[in-house]
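Have a look at protein_24.cif; it's mmCIF, C-alpha atoms:
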```
data_final
#
loop_
_atom_site.label_atom_id
_atom_site.label_comp_id
_atom_site.auth_asym_id
_atom_site.auth_seq_id
_atom_site.Cartn_x
_atom_site.Cartn_y
_atom_site.Cartn_z
CA MET A 838 34.25 87.93 29.94
CA VAL A 839 37.64 89.58 29.48
CA MET A 840 38.33 88.59 25.88
CA ASP A 841 36.75 90.33 22.90
CA ILE A 842 33.18 89.10 22.41
CA SER A 843 32.02 92.15 20.42
CA GLN A 844 29.71 91.81 17.45
CA LYS A 845 32.61 92.90 15.23
CA TYR A 846 34.80 90.01 16.41
CA VAL A 847 31.87 87.60 16.08
CA ASP A 848 31.37 88.80 12.48
CA MET A 849 35.06 88.36 11.71
CA CYS A 850 35.00 84.85 13.17
CA VAL A 851 31.80 83.87 11.35
CA LYS A 852 33.40 84.75 8.02
CA ALA A 853 36.73 83.11 8.85
CA ILE A 854 35.60 79.77 7.41
CA GLU A 855 39.07 78.25 7.52
CA VAL A 856 39.38 78.96 11.23
CA GLN A 857 35.91 77.62 11.98
CA LYS A 858 36.65 74.43 10.07
CA SER A 859 39.72 73.84 12.23
CA TRP A 860 37.72 74.00 15.48
CA ASN A 861 38.04 70.87 17.61
CA HIS A 862 35.39 71.80 20.21
CA GLU A 863 37.31 71.57 23.46
CA VAL A 864 35.91 72.29 26.88
CA GLY A 865 36.69 75.90 27.78
CA ASP A 866 36.49 77.15 24.19
CA ILE A 867 34.50 80.35 23.85
CA ALA A 868 31.54 80.11 21.50
CA HIS A 869 28.85 82.44 20.26
CA THR A 870 25.70 80.36 20.15
CA LYS A 871 22.23 80.90 18.77
CA TRP A 872 19.26 78.79 19.67
CA LYS A 873 15.49 78.77 19.45
CA HIS A 874 13.72 79.48 22.72
CA ILE A 875 10.66 77.41 23.62
CA ASP A 876 8.53 80.46 22.78
CA GLY A 877 9.97 80.44 19.27
CA SER A 878 12.16 83.50 19.67
CA GLU A 879 15.80 83.34 18.66
CA LYS A 880 18.32 83.74 21.49
CA GLU A 881 22.06 84.24 21.41
CA ASP A 882 24.82 84.16 23.97
CA VAL A 883 28.57 83.83 24.42
CA THR A 884 29.63 80.98 26.66
CA ALA A 885 32.54 78.73 27.46
CA LEU A 886 32.00 75.16 26.32
CA GLN A 887 31.52 72.86 29.27
CA SER A 888 31.65 69.11 29.39
CA CYS A 889 27.87 68.85 29.35
CA HIS A 890 27.87 70.38 25.87
CA CYS A 891 29.25 67.11 24.58
CA TYR A 892 25.76 65.73 25.05
CA GLU A 893 23.90 68.64 23.50
CA PRO A 894 21.96 68.16 20.26
CA ILE A 895 24.15 68.07 17.20
CA ASP A 896 23.04 71.52 16.03
CA PHE A 897 24.99 73.00 18.92
CA TYR A 898 28.06 72.33 16.89
CA ASN A 899 26.68 73.39 13.55
CA GLU A 900 25.81 76.78 12.10
CA THR A 901 24.31 77.92 15.39
CA SER A 902 27.66 77.88 17.16
CA ILE A 903 30.64 80.05 16.24
CA TRP A 904 34.08 79.66 17.78
CA LEU A 905 35.65 82.84 19.14
CA PRO A 906 39.29 81.83 19.47
CA ARG A 907 41.41 83.30 22.26
CA GLN A 908 44.74 84.90 21.49
CA ASP A 909 46.78 81.87 22.54
CA GLN A 910 44.64 79.70 20.25
CA LEU A 911 45.19 82.06 17.32
CA GLN A 912 48.92 82.10 17.98
CA ALA A 913 48.95 78.31 17.99
CA MET A 914 47.59 78.40 14.44
CA ILE A 915 50.82 80.00 13.30
CA LYS A 916 53.33 77.20 13.15
CA LYS A 917 56.51 78.61 14.62
CA GLU A 918 59.14 76.77 16.62
CA LYS A 919 59.99 79.70 18.82
CA LEU A 920 58.35 82.84 20.16
CA ASP A 921 61.11 84.88 18.49
CA TYR A 922 60.06 83.81 15.02
CA LEU A 923 56.38 84.42 15.73
CA LEU A 924 57.09 87.93 16.98
CA VAL A 925 59.28 88.87 14.03
CA ASP A 926 56.50 88.00 11.59
CA PHE A 927 53.80 89.57 13.74
CA LYS A 928 55.75 92.80 14.04
CA ALA A 929 56.35 92.90 10.30
CA PHE A 930 52.64 92.35 9.66
CA VAL A 931 51.39 95.01 12.07
CA TRP A 932 53.91 97.73 11.35
CA ARG A 933 54.96 96.88 7.81
CA ASN A 934 53.75 100.14 6.25
CA GLN A 935 54.26 102.53 9.12
CA ALA A 936 57.26 104.24 7.58
CA TYR A 937 55.50 105.30 4.40
CA ILE A 938 51.76 105.56 5.00
CA VAL A 939 50.12 107.91 2.52
CA ASP A 940 46.49 106.97 3.11
CA ALA A 941 44.41 105.14 5.69
CA THR A 942 44.13 101.92 3.71
CA MET A 943 47.88 101.43 4.01
CA ASP A 944 47.51 101.41 7.77
CA TYR A 945 46.03 97.88 7.71
CA PRO A 946 45.59 96.05 10.07
CA LEU A 947 45.74 98.77 12.73
CA ASN A 948 43.13 100.89 10.96
CA ILE A 949 40.56 98.12 11.22
CA CYS A 950 41.26 96.34 14.53
CA ASP A 951 40.06 97.43 17.95
CA THR A 952 41.36 94.52 20.00
CA MET A 953 44.23 92.07 20.19
CA GLU A 954 41.91 89.20 19.26
CA GLN A 955 40.96 90.97 16.03
CA LEU A 956 44.59 91.75 15.30
CA TRP A 957 45.77 88.16 15.81
CA LEU A 958 42.87 86.88 13.71
CA CYS A 959 43.90 89.26 10.90
CA PHE A 960 47.44 87.94 11.22
CA VAL A 961 46.32 84.31 11.08
CA MET A 962 44.12 84.95 8.05
CA ASN A 963 46.92 86.80 6.29
CA TYR A 964 49.73 84.41 7.21
CA ASN A 965 47.89 81.14 6.62
CA TYR A 966 45.36 82.06 3.93
CA ASN A 967 46.62 85.30 2.37
CA LYS A 968 43.38 87.10 3.13
CA ARG A 969 42.53 90.49 4.62
CA TRP A 970 39.41 91.83 6.35
CA ASN A 971 37.68 94.56 4.36
CA GLY A 972 35.14 95.37 7.04
CA GLU A 973 32.62 92.86 5.77
CA ASP A 974 34.48 89.78 4.61
CA TRP A 975 37.85 88.11 4.21
CA VAL A 976 39.16 88.72 0.71
CA GLY A 977 42.26 87.53 -1.12
CA GLU A 978 45.26 89.87 -1.02
CA MET B 174 51.15 78.21 24.73
CA ILE B 175 50.96 77.99 28.49
CA THR B 176 51.18 74.23 28.55
CA GLU B 177 54.51 74.10 26.76
CA SER B 178 56.35 76.12 29.34
CA GLY B 179 53.92 75.88 32.20
CA ILE B 180 56.58 75.59 34.86
CA GLY B 181 58.40 78.74 33.78
CA TYR B 182 55.22 80.78 33.62
CA MET B 183 53.98 79.33 36.88
CA ALA B 184 57.14 80.43 38.66
CA MET B 185 56.79 83.94 37.24
CA CYS B 186 53.16 84.12 38.34
CA LEU B 187 53.84 82.66 41.78
CA LYS B 188 56.36 85.40 42.52
CA ALA B 189 54.33 88.21 40.95
CA ILE B 190 52.78 89.02 44.31
CA GLU B 191 51.17 92.21 43.06
CA ILE B 192 49.32 90.33 40.33
CA GLN B 193 48.19 87.55 42.67
CA GLU B 194 46.97 89.98 45.33
CA ASN B 195 44.79 91.79 42.82
CA TRP B 196 43.25 88.62 41.39
CA GLN B 197 39.50 88.50 41.50
CA PRO B 198 38.68 84.89 40.54
CA LYS B 199 36.23 84.35 37.75
CA GLU B 200 34.99 81.34 35.86
CA ASN B 201 37.40 79.78 33.39
CA ASP B 202 40.47 81.40 34.94
CA LEU B 203 43.58 79.36 34.43
CA MET B 204 45.24 78.36 37.66
CA ALA B 205 47.76 76.08 39.29
CA ILE B 206 46.63 74.31 42.41
CA GLN B 207 48.63 72.72 45.19
CA TYR B 208 46.52 70.17 46.99
CA MET B 209 46.82 69.72 50.75
CA ASN B 210 49.71 67.42 51.72
CA GLU B 211 51.21 67.57 48.23
CA GLU B 212 54.26 69.42 47.05
CA ARG B 213 53.53 69.42 43.36
CA TYR B 214 51.16 71.77 41.59
CA THR B 215 48.44 70.72 39.19
CA ILE B 216 47.72 73.09 36.35
CA ILE B 217 44.00 73.36 35.86
CA ARG B 218 43.04 73.98 32.27
CA PRO B 219 39.42 74.74 31.60
CA HIS B 220 39.62 73.04 28.24
CA LYS B 221 40.11 69.71 29.95
CA PRO B 222 37.02 67.90 31.20
CA CYS B 223 36.12 68.13 34.89
CA SER B 224 38.08 71.31 35.45
CA VAL B 225 35.66 74.09 34.73
CA PHE B 226 35.60 75.90 38.01
CA ASP B 227 32.85 77.62 39.80
CA VAL B 228 34.38 80.66 41.50
CA TYR B 229 32.57 80.10 44.77
CA GLU B 230 33.53 76.45 44.83
CA LEU B 231 37.16 77.47 44.41
CA GLN B 232 37.06 80.00 47.23
CA SER B 233 35.47 77.54 49.61
CA TYR B 234 38.14 74.98 48.89
CA ILE B 235 41.12 77.20 49.65
CA GLY B 236 42.50 76.22 53.03
CA GLU B 237 40.35 73.12 53.13
CA ARG B 238 41.26 71.07 50.10
CA TYR B 239 43.81 73.28 48.39
CA HIS B 240 46.93 74.52 50.09
CA PHE B 241 47.82 77.07 47.51
CA VAL B 242 46.34 78.45 44.30
CA ILE B 243 48.24 80.46 41.70
CA TRP B 244 46.46 82.46 39.06
CA LEU B 245 47.97 82.05 35.61
CA PRO B 246 46.60 85.09 33.81
CA ARG B 247 45.92 84.79 30.11
CA GLN B 248 47.07 87.48 27.69
CA GLU B 249 43.66 89.13 27.74
CA ASP B 250 43.78 89.28 31.56
CA LEU B 251 47.15 91.03 31.44
CA GLN B 252 45.95 93.40 28.74
CA LYS B 253 42.97 94.24 30.91
CA ILE B 254 45.32 95.15 33.76
CA TYR B 255 47.12 97.49 31.37
CA LYS B 256 43.85 99.06 30.21
CA VAL B 257 42.53 99.58 33.74
CA ASN B 258 45.73 101.33 34.79
CA PHE B 259 46.64 103.29 31.67
CA MET B 260 43.30 103.68 29.90
CA PRO B 261 44.71 103.75 26.36
CA ASP B 262 42.50 105.47 23.78
CA THR B 263 43.15 102.85 21.15
CA LEU B 264 44.68 99.48 20.51
CA ARG B 265 47.44 101.37 18.72
CA SER B 266 48.59 103.18 21.86
CA MET B 267 48.72 99.97 23.91
CA LEU B 268 50.69 98.27 21.16
CA LYS B 269 53.07 101.19 20.97
CA ASP B 270 53.97 100.76 24.65
CA PHE B 271 54.25 96.99 24.29
CA LYS B 272 56.40 97.29 21.19
CA SER B 273 58.71 99.78 22.89
CA PHE B 274 59.13 97.35 25.77
CA VAL B 275 59.87 94.34 23.58
CA TRP B 276 62.01 96.17 21.03
CA ARG B 277 63.62 99.09 22.73
CA ASN B 278 65.45 100.01 19.54
CA SER B 279 62.42 99.52 17.33
CA GLU B 280 63.28 102.57 15.22
CA LEU B 281 66.18 100.54 13.94
CA MET B 282 63.89 97.56 13.32
CA SER B 283 66.41 95.39 15.08
CA ASP B 284 65.17 92.16 16.57
CA GLU B 285 66.92 91.79 19.87
CA PHE B 286 66.31 88.33 21.18
CA ASP B 287 69.35 87.96 23.36
CA VAL B 288 68.38 90.77 25.70
CA TYR B 289 65.59 91.30 28.20
CA PRO B 290 62.69 90.58 27.98
CA MET B 291 63.05 88.20 25.04
CA ASN B 292 65.86 86.24 26.65
CA GLU B 293 63.55 85.31 29.55
CA CYS B 294 60.34 84.59 27.66
CA MET B 295 59.18 81.55 25.75
CA THR B 296 55.52 82.46 25.42
CA MET B 297 53.35 85.50 24.80
CA GLU B 298 51.91 85.14 28.29
CA GLN B 299 55.38 85.50 29.80
CA LEU B 300 56.10 88.50 27.62
CA TRP B 301 52.89 90.29 28.62
CA LEU B 302 53.52 89.49 32.29
CA CYS B 303 57.04 90.95 32.04
CA PHE B 304 55.54 94.03 30.37
CA ILE B 305 52.96 94.56 33.11
CA MET B 306 55.45 93.95 35.93
CA LYS B 307 57.82 96.51 34.43
CA ILE B 308 55.43 99.32 33.63
CA LEU B 309 53.28 98.94 36.74
CA TYR B 310 55.79 97.89 39.36
CA GLY B 311 59.21 98.67 37.87
CA LYS B 312 60.33 95.06 38.15
CA ILE B 313 62.16 92.71 35.81
CA TRP B 314 62.45 88.90 35.96
CA GLU B 315 66.02 87.93 36.79
CA ASP B 316 67.46 84.74 38.29
CA GLY B 317 64.01 83.44 39.16
CA ASN B 318 62.78 86.56 40.94
CA TRP B 319 61.14 89.89 40.20
CA ILE B 320 63.78 92.52 40.88
CA LYS B 321 62.92 96.19 41.29
CA VAL B 322 64.96 98.28 38.91
CA ASP B 323 63.33 101.70 39.07
#
```
Let me see the file written as structure tokens.
Amino acid sequence: MVMDISQKYVDMCVKAIEVQKSWNHEVGDIAHTKWKHIDGSEKEDVTALQSCHCYEPIDFYNETSIWLPRQDQLQAMIKKEKLDYLLVDFKAFVWRNQAYIVDATMDYPLNICDTMEQLWLCFVMNYNYNKRWNGEDWVGE
Amino acid sequence: MITESGIGYMAMCLKAIEIQENWQPKENDLMAIQYMNEERYTIIRPHKPCSVFDVYELQSYIGERYHFVIWLPRQEDLQKIYKVNFMPDTLRSMLKDFKSFVWRNSELMSDEFDVYPMNECMTMEQLWLCFIMKILYGKIWEDGNWIKVD
């Protein structure tokens, strides 16, 4: 899979309660799922939702399944009429402190993100919910 | 994002020969398909029922059921092309190149939306495609074609 499916992105998505609550479960969505194997062991995997998942047991959609939004899905969460407006705010968010960084914490979000998915998720959480990722959880700014 | 300006992005992808030639189909790729004996294209979106493709099924259909298939790369696909070719150490270095392309006068923090590439792009996918076509192949999108400029 080309998009970020790292444990770090999974952790960020698990804790992004607001984003998870907005999930509409569409075919093609990427989800990190956990399930109990017949031998009792716990399994996990990252898969794209397919139509057959509509008929899966209800727990597929509960705490055992975490949505890993793609970049275009994260961008759609930012309500902007035009790409121009989205980019202006994104640029300001990513490079807002670059001119006067005195310590690593001021380098947020670039000091904490390894991928574009993580960066867009940080932007969504900041823009929509005024939260930032501290490495373990989303906390109020 | 792709659905809102699908036609514009489709045209860009159709003419990005270099991108199409290097496509290695995989499950859940986004693509536009022209069925045999039809002029119009159908955009296949994996998030719609009945359109999750098996790669081998797709390949067997080309020339039989489909006349033409265009890959519509997602942002992550285009970023992967960048990474394979330029092997950036960090996200920061990729973003630096992308930022320089989008805002050539970024030191001035000016937002130039009436000049290339912003004047040609309505979506992030289009912007990333323009970025890749420029840095890899020296081409810009102008009057409905990719024109070599350097």
Specify as a tab-separated table (two decimals) with C-alpha atoms, in the coordinates of the input each residue included when the PyMOL selection byres ((chain B and resi 248) around 12) is applied to this file.
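This went into out.tsv:
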```
chain	number	residue	atom	x	y	z
A	839	VAL	CA	37.64	89.58	29.48
A	840	MET	CA	38.33	88.59	25.88
A	841	ASP	CA	36.75	90.33	22.90
A	907	ARG	CA	41.41	83.30	22.26
A	908	GLN	CA	44.74	84.90	21.49
A	909	ASP	CA	46.78	81.87	22.54
A	910	GLN	CA	44.64	79.70	20.25
A	911	LEU	CA	45.19	82.06	17.32
A	912	GLN	CA	48.92	82.10	17.98
A	952	THR	CA	41.36	94.52	20.00
A	953	MET	CA	44.23	92.07	20.19
A	954	GLU	CA	41.91	89.20	19.26
A	957	TRP	CA	45.77	88.16	15.81
B	174	MET	CA	51.15	78.21	24.73
B	175	ILE	CA	50.96	77.99	28.49
B	202	ASP	CA	40.47	81.40	34.94
B	203	LEU	CA	43.58	79.36	34.43
B	245	LEU	CA	47.97	82.05	35.61
B	246	PRO	CA	46.60	85.09	33.81
B	247	ARG	CA	45.92	84.79	30.11
B	249	GLU	CA	43.66	89.13	27.74
B	250	ASP	CA	43.78	89.28	31.56
B	251	LEU	CA	47.15	91.03	31.44
B	252	GLN	CA	45.95	93.40	28.74
B	253	LYS	CA	42.97	94.24	30.91
B	254	ILE	CA	45.32	95.15	33.76
B	255	TYR	CA	47.12	97.49	31.37
B	296	THR	CA	55.52	82.46	25.42
B	297	MET	CA	53.35	85.50	24.80
B	298	GLU	CA	51.91	85.14	28.29
B	299	GLN	CA	55.38	85.50	29.80
B	300	LEU	CA	56.10	88.50	27.62
B	301	TRP	CA	52.89	90.29	28.62
B	302	LEU	CA	53.52	89.49	32.29
B	303	CYS	CA	57.04	90.95	32.04
B	304	PHE	CA	55.54	94.03	30.37
B	305	ILE	CA	52.96	94.56	33.11
```
>> I'd like the interatomic distance between atom CA of Pro261 of chain B and atom CA of Glu293 of chain B, to a tenth of an Å.
In response: 26.6 Å
>> Using only C-alpha atoms and a cut-off of 8 Å, which residues of chain A sit close to chain B? Please list them as a PyMOL selection string.
In response: chain A and resi 839-840+863-866+885+887-888+908-909+913+919-921+925+947+950-953
> What separation in Å, quoted to one decimal, exists between atom CA of Phe241 of chain B and atom CA of Ile206 of chain B?
Replying inline: 5.9 Å
> When the PyMOL selection byres ((chain B and resi 193) around 12) is applied to the file above, which residues end up in the set, as a PyMOL selection string?
Replying inline: chain B and resi 183+185-192+194-198+204-205+241-246+251+302+306
> What residues come out when you apply the PyMOL selection byres ((chain A and resi 903) around 9) to this file, written as an MDAnalysis selection string?
Replying inline: chainID A and resid 847 850:851 857 867:871 898:902 904:905
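Between atom CA of Leu956 of chain A and atom CA of Val883 of chain A there is a distance of 20.1 Å.
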